[in-house]
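Printed here is data.pdb (PDB, C-alpha atoms and all ligand atoms):
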ATOM      1  CA  MET Q   1     -40.897 -17.296 -38.103
ATOM      2  CA  SER Q   2     -42.778 -15.904 -35.141
ATOM      3  CA  ASN Q   3     -42.615 -19.249 -33.359
ATOM      4  CA  ILE Q   4     -38.800 -18.983 -33.074
ATOM      5  CA  THR Q   5     -37.814 -18.123 -29.542
ATOM      6  CA  MET Q   6     -34.959 -15.638 -29.438
ATOM      7  CA  THR Q   7     -34.021 -16.235 -25.817
ATOM      8  CA  ASP Q   8     -33.848 -19.204 -23.570
ATOM      9  CA  SER Q   9     -35.602 -17.905 -20.472
ATOM     10  CA  SER Q  10     -34.284 -20.810 -18.386
ATOM     11  CA  ASN Q  11     -30.789 -19.480 -18.966
ATOM     12  CA  PRO Q  12     -30.010 -16.274 -17.110
ATOM     13  CA  SER Q  13     -26.633 -15.757 -18.746
ATOM     14  CA  GLY Q  14     -27.569 -14.357 -22.129
ATOM     15  CA  ILE Q  15     -26.704 -15.815 -25.503
ATOM     16  CA  VAL Q  16     -24.525 -15.109 -28.513
ATOM     17  CA  TYR Q  17     -25.649 -15.415 -32.132
ATOM     18  CA  LEU Q  18     -22.750 -15.822 -34.555
ATOM     19  CA  VAL Q  19     -24.423 -14.319 -37.604
ATOM     20  CA  GLY Q  20     -23.188 -14.325 -41.195
ATOM     21  CA  GLY Q  21     -23.974 -10.971 -42.791
ATOM     22  CA  GLY Q  22     -23.299 -12.091 -46.357
ATOM     23  CA  PRO Q  23     -20.682 -10.804 -48.775
ATOM     24  CA  GLY Q  24     -21.633  -7.133 -49.078
ATOM     25  CA  ASP Q  25     -25.000  -6.592 -50.738
ATOM     26  CA  PRO Q  26     -27.285  -6.131 -47.700
ATOM     27  CA  GLY Q  27     -29.951  -8.210 -49.481
ATOM     28  CA  LEU Q  28     -27.788 -11.289 -49.051
ATOM     29  CA  ILE Q  29     -28.228 -11.735 -45.291
ATOM     30  CA  THR Q  30     -30.562 -14.582 -44.266
ATOM     31  CA  VAL Q  31     -34.043 -14.148 -42.784
ATOM     32  CA  ARG Q  32     -32.760 -15.736 -39.591
ATOM     33  CA  GLY Q  33     -29.867 -13.257 -39.488
ATOM     34  CA  VAL Q  34     -32.284 -10.320 -39.704
ATOM     35  CA  GLU Q  35     -34.435 -11.842 -36.934
ATOM     36  CA  CYS Q  36     -31.410 -12.070 -34.670
ATOM     37  CA  LEU Q  37     -30.404  -8.464 -35.405
ATOM     38  CA  LYS Q  38     -33.932  -7.212 -34.700
ATOM     39  CA  ALA Q  39     -33.835  -8.866 -31.279
ATOM     40  CA  ALA Q  40     -30.250  -7.857 -30.442
ATOM     41  CA  GLU Q  41     -29.264  -5.918 -27.334
ATOM     42  CA  VAL Q  42     -25.605  -5.806 -28.340
ATOM     43  CA  VAL Q  43     -24.179  -6.041 -31.885
ATOM     44  CA  ILE Q  44     -20.458  -6.656 -32.245
ATOM     45  CA  HIS Q  45     -19.483  -6.181 -35.884
ATOM     46  CA  ASP Q  46     -16.431  -5.874 -38.054
ATOM     47  CA  ARG Q  47     -15.270  -4.307 -41.277
ATOM     48  CA  LEU Q  48     -16.613  -6.674 -43.901
ATOM     49  CA  ALA Q  49     -20.183  -6.804 -42.652
ATOM     50  CA  ASN Q  50     -22.234  -4.213 -44.511
ATOM     51  CA  LEU Q  51     -22.987  -1.432 -42.025
ATOM     52  CA  ALA Q  52     -26.450  -1.014 -43.583
ATOM     53  CA  LEU Q  53     -27.368  -4.211 -41.722
ATOM     54  CA  LEU Q  54     -26.994  -2.397 -38.404
ATOM     55  CA  THR Q  55     -30.223  -0.509 -39.146
ATOM     56  CA  TYR Q  56     -32.069  -3.745 -38.314
ATOM     57  CA  ALA Q  57     -30.895  -3.496 -34.711
ATOM     58  CA  PRO Q  58     -33.293  -1.849 -32.234
ATOM     59  CA  ALA Q  59     -32.657   1.844 -31.541
ATOM     60  CA  GLY Q  60     -31.370   1.136 -28.042
ATOM     61  CA  ALA Q  61     -28.962  -1.634 -29.004
ATOM     62  CA  GLU Q  62     -25.307  -1.202 -28.158
ATOM     63  CA  LEU Q  63     -23.217  -1.268 -31.368
ATOM     64  CA  ILE Q  64     -19.549  -2.179 -31.017
ATOM     65  CA  ASP Q  65     -17.146  -1.967 -33.988
ATOM     66  CA  VAL Q  66     -14.256  -4.375 -33.521
ATOM     67  CA  GLY Q  67     -13.012  -3.918 -37.087
ATOM     68  CA  LYS Q  68     -11.065  -0.865 -36.041
ATOM     69  CA  SER Q  69      -9.621   0.130 -32.700
ATOM     70  CA  PRO Q  70      -8.650   3.722 -31.799
ATOM     71  CA  ASN Q  71      -5.159   3.063 -33.194
ATOM     72  CA  HIS Q  72      -6.735   1.835 -36.478
ATOM     73  CA  HIS Q  73      -5.801  -1.810 -35.964
ATOM     74  CA  PRO Q  74      -8.498  -4.437 -35.605
ATOM     75  CA  VAL Q  75      -9.286  -5.417 -32.033
ATOM     76  CA  PRO Q  76      -7.257  -8.587 -31.237
ATOM     77  CA  GLN Q  77      -9.224 -11.838 -31.423
ATOM     78  CA  ALA Q  78      -8.681 -12.659 -27.746
ATOM     79  CA  GLN Q  79     -10.218  -9.331 -26.798
ATOM     80  CA  ILE Q  80     -13.239  -9.963 -29.030
ATOM     81  CA  ASN Q  81     -13.721 -13.372 -27.402
ATOM     82  CA  THR Q  82     -13.605 -11.762 -23.969
ATOM     83  CA  LEU Q  83     -16.087  -9.100 -25.035
ATOM     84  CA  LEU Q  84     -18.553 -11.733 -26.290
ATOM     85  CA  VAL Q  85     -18.302 -13.658 -23.038
ATOM     86  CA  GLU Q  86     -18.624 -10.531 -20.850
ATOM     87  CA  LYS Q  87     -21.680  -9.176 -22.663
ATOM     88  CA  ALA Q  88     -23.421 -12.552 -22.571
ATOM     89  CA  ARG Q  89     -22.538 -13.043 -18.886
ATOM     90  CA  ALA Q  90     -24.183  -9.701 -18.217
ATOM     91  CA  GLY Q  91     -27.362 -11.366 -19.489
ATOM     92  CA  ARG Q  92     -27.404  -9.616 -22.888
ATOM     93  CA  ARG Q  93     -28.608 -10.986 -26.207
ATOM     94  CA  VAL Q  94     -25.520 -10.542 -28.342
ATOM     95  CA  VAL Q  95     -25.205 -10.676 -32.124
ATOM     96  CA  ARG Q  96     -21.711 -11.193 -33.432
ATOM     97  CA  LEU Q  97     -22.116  -9.961 -37.012
ATOM     98  CA  LYS Q  98     -19.514 -11.106 -39.503
ATOM     99  CA  GLY Q  99     -19.000 -10.750 -43.230
ATOM    100  CA  GLY Q 100     -19.908 -13.754 -45.364
ATOM    101  CA  ASP Q 101     -20.272 -16.975 -43.388
ATOM    102  CA  PRO Q 102     -18.978 -16.982 -39.800
ATOM    103  CA  PHE Q 103     -17.398 -20.419 -40.188
ATOM    104  CA  VAL Q 104     -15.599 -19.757 -43.494
ATOM    105  CA  PHE Q 105     -12.334 -17.990 -42.628
ATOM    106  CA  GLY Q 106     -14.313 -15.816 -40.259
ATOM    107  CA  ARG Q 107     -12.743 -17.012 -37.002
ATOM    108  CA  GLY Q 108     -16.278 -17.858 -35.943
ATOM    109  CA  GLY Q 109     -15.006 -21.271 -34.884
ATOM    110  CA  GLU Q 110     -12.549 -19.678 -32.459
ATOM    111  CA  GLU Q 111     -15.287 -17.528 -30.995
ATOM    112  CA  ALA Q 112     -17.579 -20.545 -30.631
ATOM    113  CA  VAL Q 113     -14.821 -22.441 -28.788
ATOM    114  CA  ALA Q 114     -14.370 -19.486 -26.412
ATOM    115  CA  LEU Q 115     -18.130 -19.457 -25.746
ATOM    116  CA  VAL Q 116     -18.223 -23.192 -25.084
ATOM    117  CA  GLU Q 117     -15.303 -22.874 -22.691
ATOM    118  CA  ALA Q 118     -17.092 -20.072 -20.859
ATOM    119  CA  GLY Q 119     -20.353 -22.026 -20.755
ATOM    120  CA  ILE Q 120     -22.229 -19.444 -22.830
ATOM    121  CA  PRO Q 121     -25.025 -20.702 -25.085
ATOM    122  CA  PHE Q 122     -24.687 -19.757 -28.727
ATOM    123  CA  GLU Q 123     -26.239 -20.245 -32.126
ATOM    124  CA  VAL Q 124     -24.578 -20.136 -35.544
ATOM    125  CA  VAL Q 125     -26.470 -18.418 -38.357
ATOM    126  CA  PRO Q 126     -24.677 -19.334 -41.581
ATOM    127  CA  GLY Q 127     -24.238 -16.640 -44.186
ATOM    128  CA  VAL Q 128     -23.657 -16.410 -47.914
ATOM    129  CA  THR Q 129     -19.902 -16.720 -48.187
ATOM    130  CA  SER Q 130     -17.903 -14.532 -50.557
ATOM    131  CA  ALA Q 131     -16.166 -17.757 -51.627
ATOM    132  CA  SER Q 132     -19.217 -18.699 -53.693
ATOM    133  CA  ALA Q 133     -21.054 -15.345 -53.935
ATOM    134  CA  ALA Q 134     -18.149 -13.454 -55.528
ATOM    135  CA  PRO Q 135     -17.760 -16.005 -58.338
ATOM    136  CA  ALA Q 136     -21.562 -16.172 -58.729
ATOM    137  CA  TYR Q 137     -21.802 -12.386 -59.143
ATOM    138  CA  ALA Q 138     -18.959 -12.530 -61.660
ATOM    139  CA  GLY Q 139     -20.849 -15.140 -63.715
ATOM    140  CA  ILE Q 140     -18.662 -18.063 -62.590
ATOM    141  CA  PRO Q 141     -20.310 -21.214 -61.198
ATOM    142  CA  VAL Q 142     -17.717 -22.837 -58.911
ATOM    143  CA  THR Q 143     -18.839 -26.269 -60.116
ATOM    144  CA  HIS Q 144     -20.192 -27.141 -63.554
ATOM    145  CA  ARG Q 145     -21.043 -30.500 -65.068
ATOM    146  CA  GLY Q 146     -18.267 -31.573 -67.381
ATOM    147  CA  LEU Q 147     -15.896 -28.795 -66.253
ATOM    148  CA  ALA Q 148     -15.519 -28.970 -62.467
ATOM    149  CA  CYS Q 149     -16.806 -31.585 -60.044
ATOM    150  CA  SER Q 150     -15.001 -30.216 -56.978
ATOM    151  CA  VAL Q 151     -14.050 -26.922 -55.367
ATOM    152  CA  ALA Q 152     -11.725 -25.897 -52.534
ATOM    153  CA  PHE Q 153     -11.797 -22.733 -50.405
ATOM    154  CA  ILE Q 154      -8.241 -21.776 -49.468
ATOM    155  CA  THR Q 155      -6.657 -19.019 -47.416
ATOM    156  CA  GLY Q 156      -4.128 -17.036 -49.393
ATOM    157  CA  HIS Q 157      -2.888 -14.812 -46.618
ATOM    158  CA  ARG Q 158       0.398 -16.565 -45.809
ATOM    159  CA  ALA Q 159       3.441 -14.519 -46.787
ATOM    160  CA  ASN Q 160       4.836 -17.489 -48.652
ATOM    161  CA  PRO Q 161       2.325 -20.293 -49.189
ATOM    162  CA  ALA Q 162       5.085 -22.660 -50.251
ATOM    163  CA  ALA Q 163       6.518 -22.380 -46.756
ATOM    164  CA  ASP Q 164       3.230 -23.103 -45.018
ATOM    165  CA  PRO Q 165       3.434 -26.711 -43.852
ATOM    166  CA  ALA Q 166      -0.270 -26.781 -42.975
ATOM    167  CA  CYS Q 167      -1.156 -26.318 -46.617
ATOM    168  CA  ASP Q 168      -0.581 -29.215 -49.018
ATOM    169  CA  TRP Q 169       0.066 -27.317 -52.250
ATOM    170  CA  GLN Q 170       0.781 -30.452 -54.228
ATOM    171  CA  ALA Q 171      -2.658 -31.774 -53.360
ATOM    172  CA  LEU Q 172      -4.280 -28.401 -54.048
ATOM    173  CA  ALA Q 173      -2.591 -28.026 -57.417
ATOM    174  CA  GLU Q 174      -3.570 -31.545 -58.497
ATOM    175  CA  GLY Q 175      -6.820 -32.175 -56.638
ATOM    176  CA  PRO Q 176      -9.854 -29.884 -56.660
ATOM    177  CA  ASP Q 177     -10.973 -28.676 -60.092
ATOM    178  CA  THR Q 178     -11.800 -25.161 -58.887
ATOM    179  CA  LEU Q 179      -9.651 -23.290 -56.347
ATOM    180  CA  VAL Q 180     -11.090 -20.265 -54.547
ATOM    181  CA  PHE Q 181      -8.601 -18.168 -52.584
ATOM    182  CA  LEU Q 182      -9.672 -15.657 -49.961
ATOM    183  CA  MET Q 183      -7.322 -13.065 -48.439
ATOM    184  CA  GLY Q 184      -4.944 -13.682 -51.339
ATOM    185  CA  VAL Q 185      -4.481 -10.366 -53.132
ATOM    186  CA  HIS Q 186      -1.137  -9.480 -51.567
ATOM    187  CA  ASN Q 187       0.104 -12.999 -52.261
ATOM    188  CA  LEU Q 188      -1.213 -13.421 -55.759
ATOM    189  CA  SER Q 189       2.214 -13.909 -57.336
ATOM    190  CA  HIS Q 190       3.216 -16.526 -54.700
ATOM    191  CA  ILE Q 191      -0.061 -18.389 -55.138
ATOM    192  CA  VAL Q 192       0.249 -18.455 -58.906
ATOM    193  CA  GLU Q 193       3.909 -19.508 -58.902
ATOM    194  CA  THR Q 194       3.300 -22.224 -56.331
ATOM    195  CA  LEU Q 195       0.381 -23.696 -58.282
ATOM    196  CA  ILE Q 196       2.376 -23.741 -61.524
ATOM    197  CA  ARG Q 197       5.369 -25.273 -59.762
ATOM    198  CA  HIS Q 198       3.135 -28.053 -58.466
ATOM    199  CA  GLY Q 199       1.732 -28.831 -61.875
ATOM    200  CA  ARG Q 200      -1.305 -26.641 -62.632
ATOM    201  CA  PRO Q 201      -1.044 -25.708 -66.302
ATOM    202  CA  ALA Q 202       0.005 -22.082 -66.799
ATOM    203  CA  ALA Q 203      -2.900 -21.664 -69.231
ATOM    204  CA  THR Q 204      -5.482 -22.284 -66.454
ATOM    205  CA  PRO Q 205      -7.974 -19.378 -66.391
ATOM    206  CA  VAL Q 206      -8.045 -17.104 -63.315
ATOM    207  CA  ALA Q 207     -10.442 -14.395 -62.159
ATOM    208  CA  VAL Q 208      -9.913 -11.877 -59.368
ATOM    209  CA  ILE Q 209     -13.181 -10.400 -58.099
ATOM    210  CA  GLU Q 210     -12.967  -7.236 -55.968
ATOM    211  CA  ARG Q 211     -15.714  -5.799 -53.748
ATOM    212  CA  ALA Q 212     -18.072  -8.544 -54.850
ATOM    213  CA  THR Q 213     -21.847  -8.026 -54.881
ATOM    214  CA  GLY Q 214     -21.470  -4.258 -54.380
ATOM    215  CA  PRO Q 215     -22.072  -1.491 -56.916
ATOM    216  CA  ASP Q 216     -18.328  -1.190 -57.598
ATOM    217  CA  GLN Q 217     -17.608  -4.885 -58.071
ATOM    218  CA  ARG Q 218     -14.805  -5.401 -60.576
ATOM    219  CA  THR Q 219     -13.436  -8.612 -62.115
ATOM    220  CA  THR Q 220     -10.001  -8.963 -63.658
ATOM    221  CA  THR Q 221      -9.338 -12.121 -65.679
ATOM    222  CA  GLY Q 222      -6.305 -13.847 -67.133
ATOM    223  CA  THR Q 223      -4.437 -17.107 -66.781
ATOM    224  CA  LEU Q 224      -1.978 -18.384 -64.192
ATOM    225  CA  ALA Q 225       0.708 -17.173 -66.605
ATOM    226  CA  ASP Q 226      -0.402 -13.538 -66.756
ATOM    227  CA  ILE Q 227      -2.857 -12.742 -63.939
ATOM    228  CA  THR Q 228      -0.171 -11.247 -61.699
ATOM    229  CA  VAL Q 229       0.726  -8.669 -64.357
ATOM    230  CA  ARG Q 230      -2.911  -8.000 -65.222
ATOM    231  CA  ALA Q 231      -3.907  -7.558 -61.578
ATOM    232  CA  GLY Q 232      -0.952  -5.227 -61.103
ATOM    233  CA  GLU Q 233      -1.992  -3.143 -64.114
ATOM    234  CA  ALA Q 234      -5.535  -2.965 -62.778
ATOM    235  CA  ALA Q 235      -4.256  -2.042 -59.278
ATOM    236  CA  VAL Q 236      -6.365  -4.796 -57.698
ATOM    237  CA  ARG Q 237      -7.003  -4.283 -53.974
ATOM    238  CA  PRO Q 238      -8.574  -6.335 -51.167
ATOM    239  CA  PRO Q 239     -11.150  -7.498 -50.442
ATOM    240  CA  ALA Q 240     -11.060  -9.823 -53.405
ATOM    241  CA  VAL Q 241     -11.650 -13.471 -54.192
ATOM    242  CA  ILE Q 242      -9.350 -15.325 -56.596
ATOM    243  CA  VAL Q 243     -10.871 -18.143 -58.663
ATOM    244  CA  VAL Q 244      -8.634 -20.608 -60.495
ATOM    245  CA  GLY Q 245     -10.068 -23.175 -62.897
ATOM    246  CA  GLU Q 246     -11.765 -23.884 -66.203
ATOM    247  CA  VAL Q 247     -15.103 -22.622 -64.822
ATOM    248  CA  VAL Q 248     -13.752 -19.064 -65.160
ATOM    249  CA  ARG Q 249     -14.359 -19.387 -68.936
ATOM    250  CA  LEU Q 250     -18.113 -19.519 -68.327
ATOM    251  CA  ARG Q 251     -18.022 -15.870 -67.334
ATOM    252  CA  GLU Q 252     -17.919 -14.822 -70.984
ATOM    253  CA  GLN Q 253     -21.396 -16.298 -71.399
ATOM    254  CA  LEU Q 254     -22.782 -15.888 -67.894
ATOM    255  CA  ARG Q 255     -21.766 -12.462 -66.630
ATOM    256  CA  TRP Q 256     -25.033 -10.957 -65.528
ATOM    257  CA  PHE Q 257     -24.402  -8.484 -62.699
ATOM    258  CA  ARG Q 258     -25.380  -5.071 -64.012
ATOM    259  CA  PRO Q 259     -22.472  -2.963 -62.655
ATOM    260  CA  GLU Q 260     -20.075  -5.279 -64.496
ATOM    261  CA  VAL Q 261     -22.119  -5.768 -67.657
ATOM    262  CA  GLU Q 262     -22.409  -2.020 -68.151
ATOM    263  CA  ARG Q 263     -18.766  -1.240 -67.502
TER
HETATM  264  N1  LIG W 301     -16.241 -15.105 -43.582
HETATM  265  C1  LIG W 301     -15.985 -14.422 -44.837
HETATM  266  C2  LIG W 301     -14.512 -14.410 -45.191
HETATM  267  C3  LIG W 301     -13.650 -13.605 -44.235
HETATM  268  S1  LIG W 301     -11.960 -13.580 -44.716
HETATM  269  C4  LIG W 301     -16.823 -15.057 -45.932
HETATM  270  O1  LIG W 301     -17.404 -16.130 -45.734
HETATM  271  O2  LIG W 301     -16.938 -14.455 -47.003
HETATM  272  C5  LIG W 301     -11.879 -12.094 -45.625
HETATM  273  C6  LIG W 301     -11.757 -12.355 -47.108
HETATM  274  O3  LIG W 301     -13.023 -12.643 -47.673
HETATM  275  C7  LIG W 301     -11.243 -11.200 -47.935
HETATM  276  O4  LIG W 301      -9.855 -11.104 -47.881
HETATM  277  C8  LIG W 301     -11.720 -11.578 -49.311
HETATM  278  O5  LIG W 301     -10.895 -12.580 -49.880
HETATM  279  C9  LIG W 301     -13.057 -12.209 -49.005
HETATM  280  N2  LIG W 301     -14.173 -11.263 -49.155
HETATM  281  C10 LIG W 301     -15.062 -10.933 -48.221
HETATM  282  N3  LIG W 301     -15.979 -10.077 -48.716
HETATM  283  C11 LIG W 301     -15.663  -9.881 -50.015
HETATM  284  C12 LIG W 301     -16.222  -9.124 -51.082
HETATM  285  N4  LIG W 301     -17.303  -8.378 -50.909
HETATM  286  N5  LIG W 301     -15.615  -9.164 -52.285
HETATM  287  C13 LIG W 301     -14.516  -9.908 -52.484
HETATM  288  N6  LIG W 301     -13.946 -10.642 -51.522
HETATM  289  C14 LIG W 301     -14.513 -10.639 -50.299
END

Final C-alpha cells representation of the file:
Amino acid sequence: MSNITMTDSSNPSGIVYLVGGGPGDPGLITVRGVECLKAAEVVIHDRLANLALLTYAPAGAELIDVGKSPNHHPVPQAQINTLLVEKARAGRRVVRLKGGDPFVFGRGGEEAVALVEAGIPFEVVPGVTSASAAPAYAGIPVTHRGLACSVAFITGHRANPAADPACDWQALAEGPDTLVFLMGVHNLSHIVETLIRHGRPAATPVAVIERATGPDQRTTTGTLADITVRAGEAAVRPPAVIVVGEVVRLREQLRWFRPEVER
C-alpha cells in the first residue's frame, strides 16, 4: 500500500476522496478508505458514517459534520458541494466520508459532478453498502442459486411510490427476484401495497433490518401481507433496509450475527 500516492503534486488545487465508510461496524471500511482518512487534512462526514472512523484522521485534521446543522437539519446538498470545492481549491486533501457506498443512494454522484464542473480532481473509494451488508448480517444472501438470480436496490423514500413516474413499479414487482429498499421505513405500507397491486404474491417473505451490523441490529420478518403490522408492533425505525423475496427464508438457517442469535 505504501506505493500509493495520496496527492498529485503536479496539481496545486487539492483533491477530494469520496470514501464509503461501510454500513456501521467500523471494521467494514476498506483498507483504501482508512489510508485516505489517515492522510486527510479535512474530513466532511455525515450521520450514517460511524464516528469511530474519524479516529483514523490525523490529530490536526479539520472535521466537519454536515449531517446536522445548528438548526438540526442536514446541511443542504448544494452547500456540501460548495464546501468540497472550496476546501479543495484551498489546496487541502479532503475526505468526504459517507455511510455505505458513496455511489449507492449516497448522493456521491452529485458531489462528483460538482467536482468535475469545478475542475477538482477526485477519487471514489467504494464502500460496503447497507443494501447487501444488512441482509448479509441478517443471514440473507441477496442472490441464491435456485431461489434468486437477480437483485434490485430501490429507494423507498417517496411519499407515494405509486405516484413516482421515475420508478417502474410494474417492472420491479415482476422483474428482479430480490428487492432491497433503502430509506423505506416510513413508506413501508405504500411499498408493500404497490408491490401486491402489481402482482407480487402477498405470501412473499419480507425482512426489515434496523441498525445493521451494529450491536443493536434487529430484524423483523413477515410477508408482504403482514409486515406492515409486524413492523408497527415492533416500532421499527430508520435506518433500516427492507428485503423482499424468497431469499428471506434462508435466514432461518443462516442467521449468524451474535447480537441477533442471542436475542
Ligand atoms: N450510501 C448508503 C445508503 C445511504 S441512504 C449505503 O450504501 O448504504 C440511507 C439509507 O441506507 C437508510 O435509510 C437505510 O435504508 C440504509 N442504511 C444505511 N445504514 C444502515 C444500517 N446500518 N442499517 C440499516 N439500514 C441502513

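The residue that comes closest to ligand LIG 301 (chain W), out of Q:Leu147, Q:Ala88, Q:Ala136, Q:Ala173 and on the basis of all atoms listed in the file, is Q:Ala136.
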
Tell me which protein, DNA and RNA residues are within 9 Å of Pro239 of chain Q, counting all atoms listed in the file, leaving out same-chain ones fewer than 2 positions away, and put them as a PyMOL selection string.
chain Q and resi 48+182-185+209-212+237+241

Quick one: apply the PyMOL selection byres (((chain Q and resi 120) around 9) and not hetatm) to the file and drop the selected residues here as a PyMOL selection string.
chain Q and resi 13-16+85+88-89+114-119+121-122

Using all atoms listed in the file, pick whichever of Q:Ala112, Q:Ile196, Q:Val247, Q:Ala133 has the shortest atom-to-atom distance to Thr178 of chain Q.
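Looking only at the distances to Thr178 of chain Q, the closest residue turns out to be Q:Val247.
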
Counting all atoms listed in the file, the residue of Q:Pro238, Q:Pro76, Q:Pro135, Q:Gly67 that sits nearest ligand LIG 301 (chain W)
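For ligand LIG 301 (chain W), the nearest of the given residues is Q:Pro238.
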
Give me the residues of segment 48-124 of chain Q that have any atom at most 6 Å from an atom of segment 29-43 of chain Q; for each, the nearest atom pair and the distance in Å, rounded to one decimal. Use all atoms listed in the file, sort by chain and number, and format it as CSV.
residue,atom,partner,partner_atom,distance
Q:Tyr56,CA,Q:Lys38,CA,5.3
Q:Ala57,CA,Q:Lys38,CA,4.8
Q:Pro58,CA,Q:Lys38,CA,5.9
Q:Ala61,CA,Q:Glu41,CA,4.6
Q:Glu62,CA,Q:Val42,CA,4.6
Q:Leu63,CA,Q:Val43,CA,4.9
Q:Arg93,CA,Q:Glu41,CA,5.2
Q:Val94,CA,Q:Val42,CA,4.7
Q:Val95,CA,Q:Val43,CA,4.8
Q:Arg96,CA,Q:Val43,CA,5.9

Please produce, as a Markdown table, a per-residue contact table for segment 120-239 of chain Q versus segment 98-109 of chain Q (criterion: any atom at most 12 Å away, all atoms listed in the file considered), showing the nearest atom pair and its distance in Å to one decimal, sorted by chain then residue number.
| residue | atom | partner | partner_atom | distance |
| --- | --- | --- | --- | --- |
| Q:Phe122 | CA | Q:Gly108 | CA | 11.2 |
| Q:Glu123 | CA | Q:Gly108 | CA | 10.9 |
| Q:Val124 | CA | Q:Pro102 | CA | 7.7 |
| Q:Val125 | CA | Q:Pro102 | CA | 7.8 |
| Q:Pro126 | CA | Q:Asp101 | CA | 5.3 |
| Q:Gly127 | CA | Q:Asp101 | CA | 4.1 |
| Q:Val128 | CA | Q:Gly100 | CA | 5.3 |
| Q:Thr129 | CA | Q:Gly100 | CA | 4.1 |
| Q:Ser130 | CA | Q:Gly100 | CA | 5.6 |
| Q:Ala131 | CA | Q:Gly100 | CA | 8.3 |
| Q:Ser132 | CA | Q:Gly100 | CA | 9.7 |
| Q:Ala133 | CA | Q:Gly100 | CA | 8.8 |
| Q:Ala134 | CA | Q:Gly100 | CA | 10.3 |
| Q:Ala152 | CA | Q:Val104 | CA | 11.6 |
| Q:Phe153 | CA | Q:Val104 | CA | 8.4 |
| Q:Ile154 | CA | Q:Phe105 | CA | 8.8 |
| Q:Thr155 | CA | Q:Phe105 | CA | 7.5 |
| Q:Gly156 | CA | Q:Phe105 | CA | 10.7 |
| Q:His157 | CA | Q:Phe105 | CA | 10.7 |
| Q:Val180 | CA | Q:Val104 | CA | 11.9 |
| Q:Phe181 | CA | Q:Phe105 | CA | 10.6 |
| Q:Leu182 | CA | Q:Phe105 | CA | 8.1 |
| Q:Met183 | CA | Q:Phe105 | CA | 9.1 |
| Q:Ala212 | CA | Q:Gly100 | CA | 11.0 |
| Q:Thr213 | CA | Q:Gly100 | CA | 11.3 |
| Q:Pro239 | CA | Q:Gly99 | CA | 11.1 |

When you count all atoms listed in the file, which of these residues is closest to Arg249 of chain Q: Q:Thr219, Q:Asn187, Q:Thr204, Q:Thr55?
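Answer, going by the shortest atom-to-atom distance: Q:Thr204.
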
Edge lengths and centre, in Å to one decimal, as JSON: that's what I need for the box along x, y and z that holds all listed atoms of segment 102-114 of chain Q plus 8 Å on each side.
{"center_x": -15.7, "center_y": -19.1, "center_z": -35.0, "size_x": 22.6, "size_y": 22.6, "size_z": 33.1}

For the PyMOL selection byres (((chain Q and resi 231) around 12) and not hetatm), applied here, can you spell out every residue it catches as a count of residues only?
34

So the first atom is atom CA of Pro205 of chain Q and the second is atom O4 of ligand LIG 301 (chain W); what is the distance between them in Å, to one decimal place?
20.4 Å

For atom CA of Glu111 of chain Q and atom N1 of ligand LIG 301 (chain W), the interatomic separation in Å (one decimal):
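Spanning atom CA of Glu111 of chain Q to atom N1 of ligand LIG 301 (chain W) is a straight-line distance of 12.9 Å.
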
Do you know which residues are at most 8 Å from Leu97 of chain Q counting all atoms listed in the file, after dropping those on the same chain fewer than 3 positions away, and could you put them as a list in words?
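Near neighbours after the sequence-gap exclusion: Leu18, Val19, Gly20, Gly21, Val43, Ile44, His45, Asp46 and Ala49 of chain Q.
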
Take atom N2 of ligand LIG 301 (chain W) and atom CA of Pro23 of chain Q and report the distance between them in Å, one decimal.
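Straight-line distance from atom N2 of ligand LIG 301 (chain W) to atom CA of Pro23 of chain Q works out to 6.5 Å.
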
Which is closer to ligand LIG 301 (chain W) than all the others in Q:Ser150, Q:Gln170, Q:Gln253, Q:Gln217, using all atoms listed in the file?
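Closest to ligand LIG 301 (chain W) of all the choices is Q:Gln217.
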
With distances taken over only C-alpha atoms, which of Q:Leu172, Q:Arg158, Q:Arg255, Q:Pro141 is nearest to His190 of chain Q?
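Selected residue with least distance to His190 of chain Q: Q:Arg158.
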
Expected file for segment 173-188 of chain Q keeping C-alpha atoms, as an mmCIF file, in the first residue's frame:
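Wrote out31.cif, looks like this:
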data_model
loop_
_atom_site.group_PDB
_atom_site.id
_atom_site.type_symbol
_atom_site.label_atom_id
_atom_site.label_comp_id
_atom_site.auth_asym_id
_atom_site.auth_seq_id
_atom_site.Cartn_x
_atom_site.Cartn_y
_atom_site.Cartn_z
ATOM 1 C CA ALA Q 173 -42.861 -6.190 -8.950
ATOM 2 C CA GLU Q 174 -42.399 -8.638 -11.833
ATOM 3 C CA GLY Q 175 -38.685 -8.422 -12.596
ATOM 4 C CA PRO Q 176 -35.884 -8.813 -10.055
ATOM 5 C CA ASP Q 177 -36.177 -11.821 -7.740
ATOM 6 C CA THR Q 178 -34.927 -9.932 -4.680
ATOM 7 C CA LEU Q 179 -35.911 -6.319 -3.940
ATOM 8 C CA VAL Q 180 -33.868 -4.297 -1.449
ATOM 9 C CA PHE Q 181 -35.388 -0.987 -0.362
ATOM 10 C CA LEU Q 182 -33.369 1.720 1.348
ATOM 11 C CA MET Q 183 -34.929 4.756 3.053
ATOM 12 C CA GLY Q 184 -38.250 2.906 3.058
ATOM 13 C CA VAL Q 185 -39.353 2.596 6.680
ATOM 14 C CA HIS Q 186 -41.822 5.479 6.639
ATOM 15 C CA ASN Q 187 -43.255 4.187 3.371
ATOM 16 C CA LEU Q 188 -43.402 0.518 4.189
#
